[in-house]
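Asker: mmCIF, C-alpha atoms; chains and numbers go by the auth columns, file upload-v1.cif:
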data_model
loop_
_atom_site.group_PDB
_atom_site.id
_atom_site.type_symbol
_atom_site.label_atom_id
_atom_site.label_comp_id
_atom_site.label_asym_id
_atom_site.label_seq_id
_atom_site.Cartn_x
_atom_site.Cartn_y
_atom_site.Cartn_z
_atom_site.B_iso_or_equiv
_atom_site.auth_seq_id
_atom_site.auth_asym_id
ATOM 1 C CA MET A 1 38.262 139.950 87.409 0.00 1 R
ATOM 2 C CA ARG A 2 35.706 137.363 86.299 0.00 2 R
ATOM 3 C CA ARG A 3 37.835 134.582 87.774 0.00 3 R
ATOM 4 C CA ALA A 4 38.211 136.502 91.048 0.00 4 R
ATOM 5 C CA ARG A 5 34.449 137.093 91.223 0.00 5 R
ATOM 6 C CA GLU A 6 33.737 133.412 90.565 0.00 6 R
ATOM 7 C CA GLN A 7 36.172 132.365 93.273 0.00 7 R
ATOM 8 C CA LEU A 8 34.779 134.888 95.770 0.00 8 R
ATOM 9 C CA ASP A 9 31.256 133.628 95.069 0.00 9 R
ATOM 10 C CA ALA A 10 32.449 130.050 95.626 0.00 10 R
ATOM 11 C CA TYR A 11 34.215 131.105 98.864 0.00 11 R
ATOM 12 C CA PHE A 12 31.031 132.671 100.255 0.00 12 R
ATOM 13 C CA ASP A 13 29.060 129.582 99.184 0.00 13 R
ATOM 14 C CA SER A 14 31.561 127.489 101.213 0.00 14 R
ATOM 15 C CA ALA A 15 32.610 125.712 98.020 0.00 15 R
ATOM 16 C CA LEU A 16 36.174 127.099 97.897 0.00 16 R
ATOM 17 C CA THR A 17 38.790 126.996 100.629 0.00 17 R
ATOM 18 C CA ALA A 18 41.754 128.546 98.799 0.00 18 R
ATOM 19 C CA PHE A 19 41.974 131.086 96.025 0.00 19 R
ATOM 20 C CA ASP A 20 43.923 130.272 92.887 0.00 20 R
ATOM 21 C CA LEU A 21 44.665 133.727 91.545 0.00 21 R
ATOM 22 C CA PRO A 22 47.805 135.560 90.466 0.00 22 R
ATOM 23 C CA LEU A 23 48.237 138.406 92.941 0.00 23 R
ATOM 24 C CA ALA A 24 50.464 141.457 92.611 0.00 24 R
ATOM 25 C CA PRO A 25 49.494 143.846 95.428 0.00 25 R
ATOM 26 C CA VAL A 26 51.645 146.932 95.729 0.00 26 R
ATOM 27 C CA GLY A 27 53.401 147.317 99.054 0.00 27 R
ATOM 28 C CA SER A 28 56.774 147.620 100.734 0.00 28 R
ATOM 29 C CA PRO A 29 59.032 144.558 100.933 0.00 29 R
ATOM 30 C CA TYR A 30 57.982 144.163 104.575 0.00 30 R
ATOM 31 C CA ARG A 31 54.275 144.241 103.728 0.00 31 R
ATOM 32 C CA GLN A 32 54.911 141.710 100.965 0.00 32 R
ATOM 33 C CA ARG A 33 56.514 139.369 103.544 0.00 33 R
ATOM 34 C CA VAL A 34 53.542 139.765 105.871 0.00 34 R
ATOM 35 C CA TRP A 35 51.062 139.132 103.049 0.00 35 R
ATOM 36 C CA ARG A 36 52.957 135.988 101.992 0.00 36 R
ATOM 37 C CA ALA A 37 52.748 134.781 105.603 0.00 37 R
ATOM 38 C CA LEU A 38 48.991 135.433 105.595 0.00 38 R
ATOM 39 C CA LEU A 39 48.593 133.375 102.419 0.00 39 R
ATOM 40 C CA ALA A 40 50.186 130.438 104.230 0.00 40 R
ATOM 41 C CA ILE A 41 47.522 130.383 106.973 0.00 41 R
ATOM 42 C CA PRO A 42 45.243 127.437 106.192 0.00 42 R
ATOM 43 C CA TYR A 43 41.540 127.953 105.626 0.00 43 R
ATOM 44 C CA GLY A 44 39.680 127.772 108.921 0.00 44 R
ATOM 45 C CA ALA A 45 42.839 128.334 110.984 0.00 45 R
ATOM 46 C CA THR A 46 44.147 131.404 112.743 0.00 46 R
ATOM 47 C CA ARG A 47 47.582 132.685 113.645 0.00 47 R
ATOM 48 C CA SER A 48 48.512 135.369 116.129 0.00 48 R
ATOM 49 C CA TYR A 49 50.168 138.632 115.237 0.00 49 R
ATOM 50 C CA LEU A 50 53.188 137.276 117.099 0.00 50 R
ATOM 51 C CA ASP A 51 53.199 134.127 114.916 0.00 51 R
ATOM 52 C CA ILE A 52 53.310 136.322 111.820 0.00 52 R
ATOM 53 C CA THR A 53 56.187 138.408 113.242 0.00 53 R
ATOM 54 C CA ARG A 54 58.177 135.196 113.591 0.00 54 R
ATOM 55 C CA LEU A 55 57.766 134.613 109.852 0.00 55 R
ATOM 56 C CA ALA A 56 57.904 138.152 108.477 0.00 56 R
ATOM 57 C CA GLY A 57 59.821 140.088 111.124 0.00 57 R
ATOM 58 C CA GLY A 58 58.770 143.349 112.683 0.00 58 R
ATOM 59 C CA SER A 59 56.430 143.577 115.635 0.00 59 R
ATOM 60 C CA PRO A 60 52.804 142.637 116.230 0.00 60 R
ATOM 61 C CA ARG A 61 51.949 146.310 115.720 0.00 61 R
ATOM 62 C CA SER A 62 53.720 146.435 112.341 0.00 62 R
ATOM 63 C CA VAL A 63 51.975 143.211 111.299 0.00 63 R
ATOM 64 C CA GLY A 64 48.696 144.917 112.198 0.00 64 R
ATOM 65 C CA GLY A 65 49.711 147.871 110.036 0.00 65 R
ATOM 66 C CA ALA A 66 50.484 145.573 107.102 0.00 66 R
ATOM 67 C CA ASN A 67 47.136 143.825 107.619 0.00 67 R
ATOM 68 C CA GLY A 68 45.363 147.177 107.610 0.00 68 R
ATOM 69 C CA ALA A 69 47.102 148.092 104.344 0.00 69 R
ATOM 70 C CA ASN A 70 46.157 144.783 102.700 0.00 70 R
ATOM 71 C CA PRO A 71 44.554 145.851 99.401 0.00 71 R
ATOM 72 C CA ILE A 72 42.735 142.543 98.819 0.00 72 R
ATOM 73 C CA PRO A 73 41.361 141.220 102.113 0.00 73 R
ATOM 74 C CA ILE A 74 39.671 137.815 102.067 0.00 74 R
ATOM 75 C CA ILE A 75 41.921 136.740 99.189 0.00 75 R
ATOM 76 C CA ILE A 76 44.958 137.651 101.307 0.00 76 R
ATOM 77 C CA PRO A 77 43.289 136.422 104.511 0.00 77 R
ATOM 78 C CA CYS A 78 44.135 139.037 107.125 0.00 78 R
ATOM 79 C CA HIS A 79 40.936 138.048 108.978 0.00 79 R
ATOM 80 C CA ARG A 80 42.804 134.893 110.089 0.00 80 R
ATOM 81 C CA VAL A 81 45.228 136.901 112.239 0.00 81 R
ATOM 82 C CA VAL A 82 44.158 137.286 115.853 0.00 82 R
ATOM 83 C CA ALA A 83 45.626 138.794 118.993 0.00 83 R
ATOM 84 C CA THR A 84 47.129 136.455 121.582 0.00 84 R
ATOM 85 C CA ASN A 85 44.482 137.655 124.049 0.00 85 R
ATOM 86 C CA GLY A 86 41.425 137.986 121.781 0.00 86 R
ATOM 87 C CA ILE A 87 40.226 138.526 118.266 0.00 87 R
ATOM 88 C CA GLY A 88 42.320 141.616 117.472 0.00 88 R
ATOM 89 C CA GLY A 89 41.269 144.223 114.951 0.00 89 R
ATOM 90 C CA TYR A 90 40.033 144.196 111.380 0.00 90 R
ATOM 91 C CA SER A 91 39.785 147.027 108.890 0.00 91 R
ATOM 92 C CA GLY A 92 37.747 145.255 106.201 0.00 92 R
ATOM 93 C CA GLY A 93 34.008 145.532 105.718 0.00 93 R
ATOM 94 C CA ASP A 94 32.318 146.535 108.950 0.00 94 R
ATOM 95 C CA GLY A 95 35.381 145.789 111.066 0.00 95 R
ATOM 96 C CA LEU A 96 35.125 143.144 113.783 0.00 96 R
ATOM 97 C CA PRO A 97 31.632 141.918 112.819 0.00 97 R
ATOM 98 C CA THR A 98 33.009 141.146 109.344 0.00 98 R
ATOM 99 C CA LYS A 99 36.068 139.374 110.802 0.00 99 R
ATOM 100 C CA ARG A 100 33.862 137.278 113.062 0.00 100 R
ATOM 101 C CA ALA A 101 31.560 136.390 110.146 0.00 101 R
ATOM 102 C CA LEU A 102 34.475 135.310 107.927 0.00 102 R
ATOM 103 C CA LEU A 103 36.002 133.188 110.689 0.00 103 R
ATOM 104 C CA ALA A 104 32.590 131.644 111.444 0.00 104 R
ATOM 105 C CA LEU A 105 32.044 130.834 107.743 0.00 105 R
ATOM 106 C CA GLU A 106 35.397 129.055 107.570 0.00 106 R
ATOM 107 C CA THR A 107 34.944 127.252 110.893 0.00 107 R
ATOM 108 C CA LEU A 108 31.546 125.940 109.827 0.00 108 R
ATOM 109 C CA ARG A 109 32.939 124.654 106.517 0.00 109 R
ATOM 110 C CA VAL A 110 35.856 122.929 108.270 0.00 110 R
ATOM 111 C CA GLU A 111 33.533 121.339 110.847 0.00 111 R
ATOM 112 C CA ASN A 112 31.153 120.136 108.123 0.00 112 R
ATOM 113 C CA SER A 113 34.033 118.773 106.032 0.00 113 R
ATOM 114 C CA MET A 114 35.446 116.891 109.007 0.00 114 R
ATOM 115 C CA ARG A 115 32.034 115.453 109.815 0.00 115 R
ATOM 116 C CA ASP A 116 31.440 114.430 106.179 0.00 116 R
ATOM 117 C CA GLY A 117 35.001 113.229 105.575 0.00 117 R
ATOM 118 C CA ALA A 118 35.394 115.663 102.654 0.00 118 R
ATOM 119 C CA HIS A 119 38.689 117.184 101.648 0.00 119 R
ATOM 120 C CA GLY A 120 39.026 120.848 100.648 0.00 120 R
ATOM 121 C CA ASP A 121 40.930 121.951 97.591 0.00 121 R
ATOM 122 C CA HIS A 122 44.571 122.720 98.103 0.00 122 R
ATOM 123 C CA LYS A 123 45.116 125.481 95.563 0.00 123 R
ATOM 124 C CA GLN A 124 46.726 128.571 96.998 0.00 124 R
ATOM 125 C CA ALA A 125 46.991 132.134 95.818 0.00 125 R
ATOM 126 C CA THR A 126 50.542 133.425 95.600 0.00 126 R
ATOM 127 C CA LEU A 127 52.079 136.831 95.206 0.00 127 R
ATOM 128 C CA ILE A 128 53.715 137.379 91.842 0.00 128 R
#
Show the structure stored in the file as structure tokens.
Answerer:
Amino acid sequence: MRRAREQLDAYFDSALTAFDLPLAPVGSPYRQRVWRALLAIPYGATRSYLDITRLAGGSPRSVGGANGANPIPIIIPCHRVVATNGIGGYSGGDGLPTKRALLALETLRVENSMRDGAHGDHKQATLI
């Protein structure tokens, strides 16, 4: 838990772009596939619900259900999944304002890194 807290603090300070934690969320095999697909979305990027269905199967609606059941949002970045015609939904925090804030935090870090020529870390959380 201490390591997770330290990494979350670093994420919100824009000092961490990928979590390096062993994850074992409980969920159906389908939800596990969706969550693995979410972990593959790069920091500062988004994918559509349809993109995730191409990787995990199901439908955009079932991907949304798996996102809503995500027990560790931010670390498994369901905020990076958007609708093809807009931002989509979000069940974490205060809903859409939280999703927008997380996406804005990541976008700002990516823009600053590109401007400064910095490279983010490439560690990645994985499901165990």
Asker: Residues of segment 30-83 of chain R within 9 Å of segment 9-26 of chain R: nearest atom pair and distance (Å, one decimal) for each, counting only C-alpha atoms, sorted by chain and number, as JSON lines?
Answerer:
{"residue": "R:Arg31", "atom": "CA", "partner": "R:Val26", "partner_atom": "CA", "distance": 8.8}
{"residue": "R:Gln32", "atom": "CA", "partner": "R:Pro25", "partner_atom": "CA", "distance": 8.0}
{"residue": "R:Pro42", "atom": "CA", "partner": "R:Ala18", "partner_atom": "CA", "distance": 8.2}
{"residue": "R:Tyr43", "atom": "CA", "partner": "R:Thr17", "partner_atom": "CA", "distance": 5.8}
{"residue": "R:Gly44", "atom": "CA", "partner": "R:Thr17", "partner_atom": "CA", "distance": 8.4}
{"residue": "R:Asn70", "atom": "CA", "partner": "R:Pro25", "partner_atom": "CA", "distance": 8.1}
{"residue": "R:Pro71", "atom": "CA", "partner": "R:Pro25", "partner_atom": "CA", "distance": 6.6}
{"residue": "R:Ile72", "atom": "CA", "partner": "R:Pro25", "partner_atom": "CA", "distance": 7.7}
{"residue": "R:Ile75", "atom": "CA", "partner": "R:Phe19", "partner_atom": "CA", "distance": 6.5}
{"residue": "R:Ile76", "atom": "CA", "partner": "R:Phe19", "partner_atom": "CA", "distance": 8.9}
Asker: For the atom pair atom CA of Ile41 of chain R and atom CA of Val110 of chain R, what is the interatomic distance in Å to one decimal place?
Answerer: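 According to the coordinates, atom CA of Ile41 of chain R and atom CA of Val110 of chain R are separated by 13.9 Å.
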Asker: Where does the PyMOL selection byres ((chain R and resi 87) around 12) land in this file, that is, which residues does it pick, as a list in words?
Answerer: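 Output from the PyMOL selection byres ((chain R and resi 87) around 12), applied to this file: Thr46, Arg47, Ser48, Tyr49, Cys78, His79, Arg80, Val81, Val82, Ala83, Thr84, Asn85, Gly86, Gly88, Gly89, Tyr90, Gly95, Leu96, Pro97, Thr98, Lys99, Arg100 and Leu103 of chain R.
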Asker: What's the 9 Å shell around Tyr30 of chain R, counting only C-alpha atoms, without same-chain residues fewer than 4 positions away, as a ChimeraX atom specification?
Answerer: /R:34-35,56-58,66
Asker: Can you tell me how far atom CA of Asp51 of chain R sits from atom CA of Leu108 of chain R, in Å to one decimal?
Answerer: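 Between atom CA of Asp51 of chain R and atom CA of Leu108 of chain R the gap is 23.7 Å.
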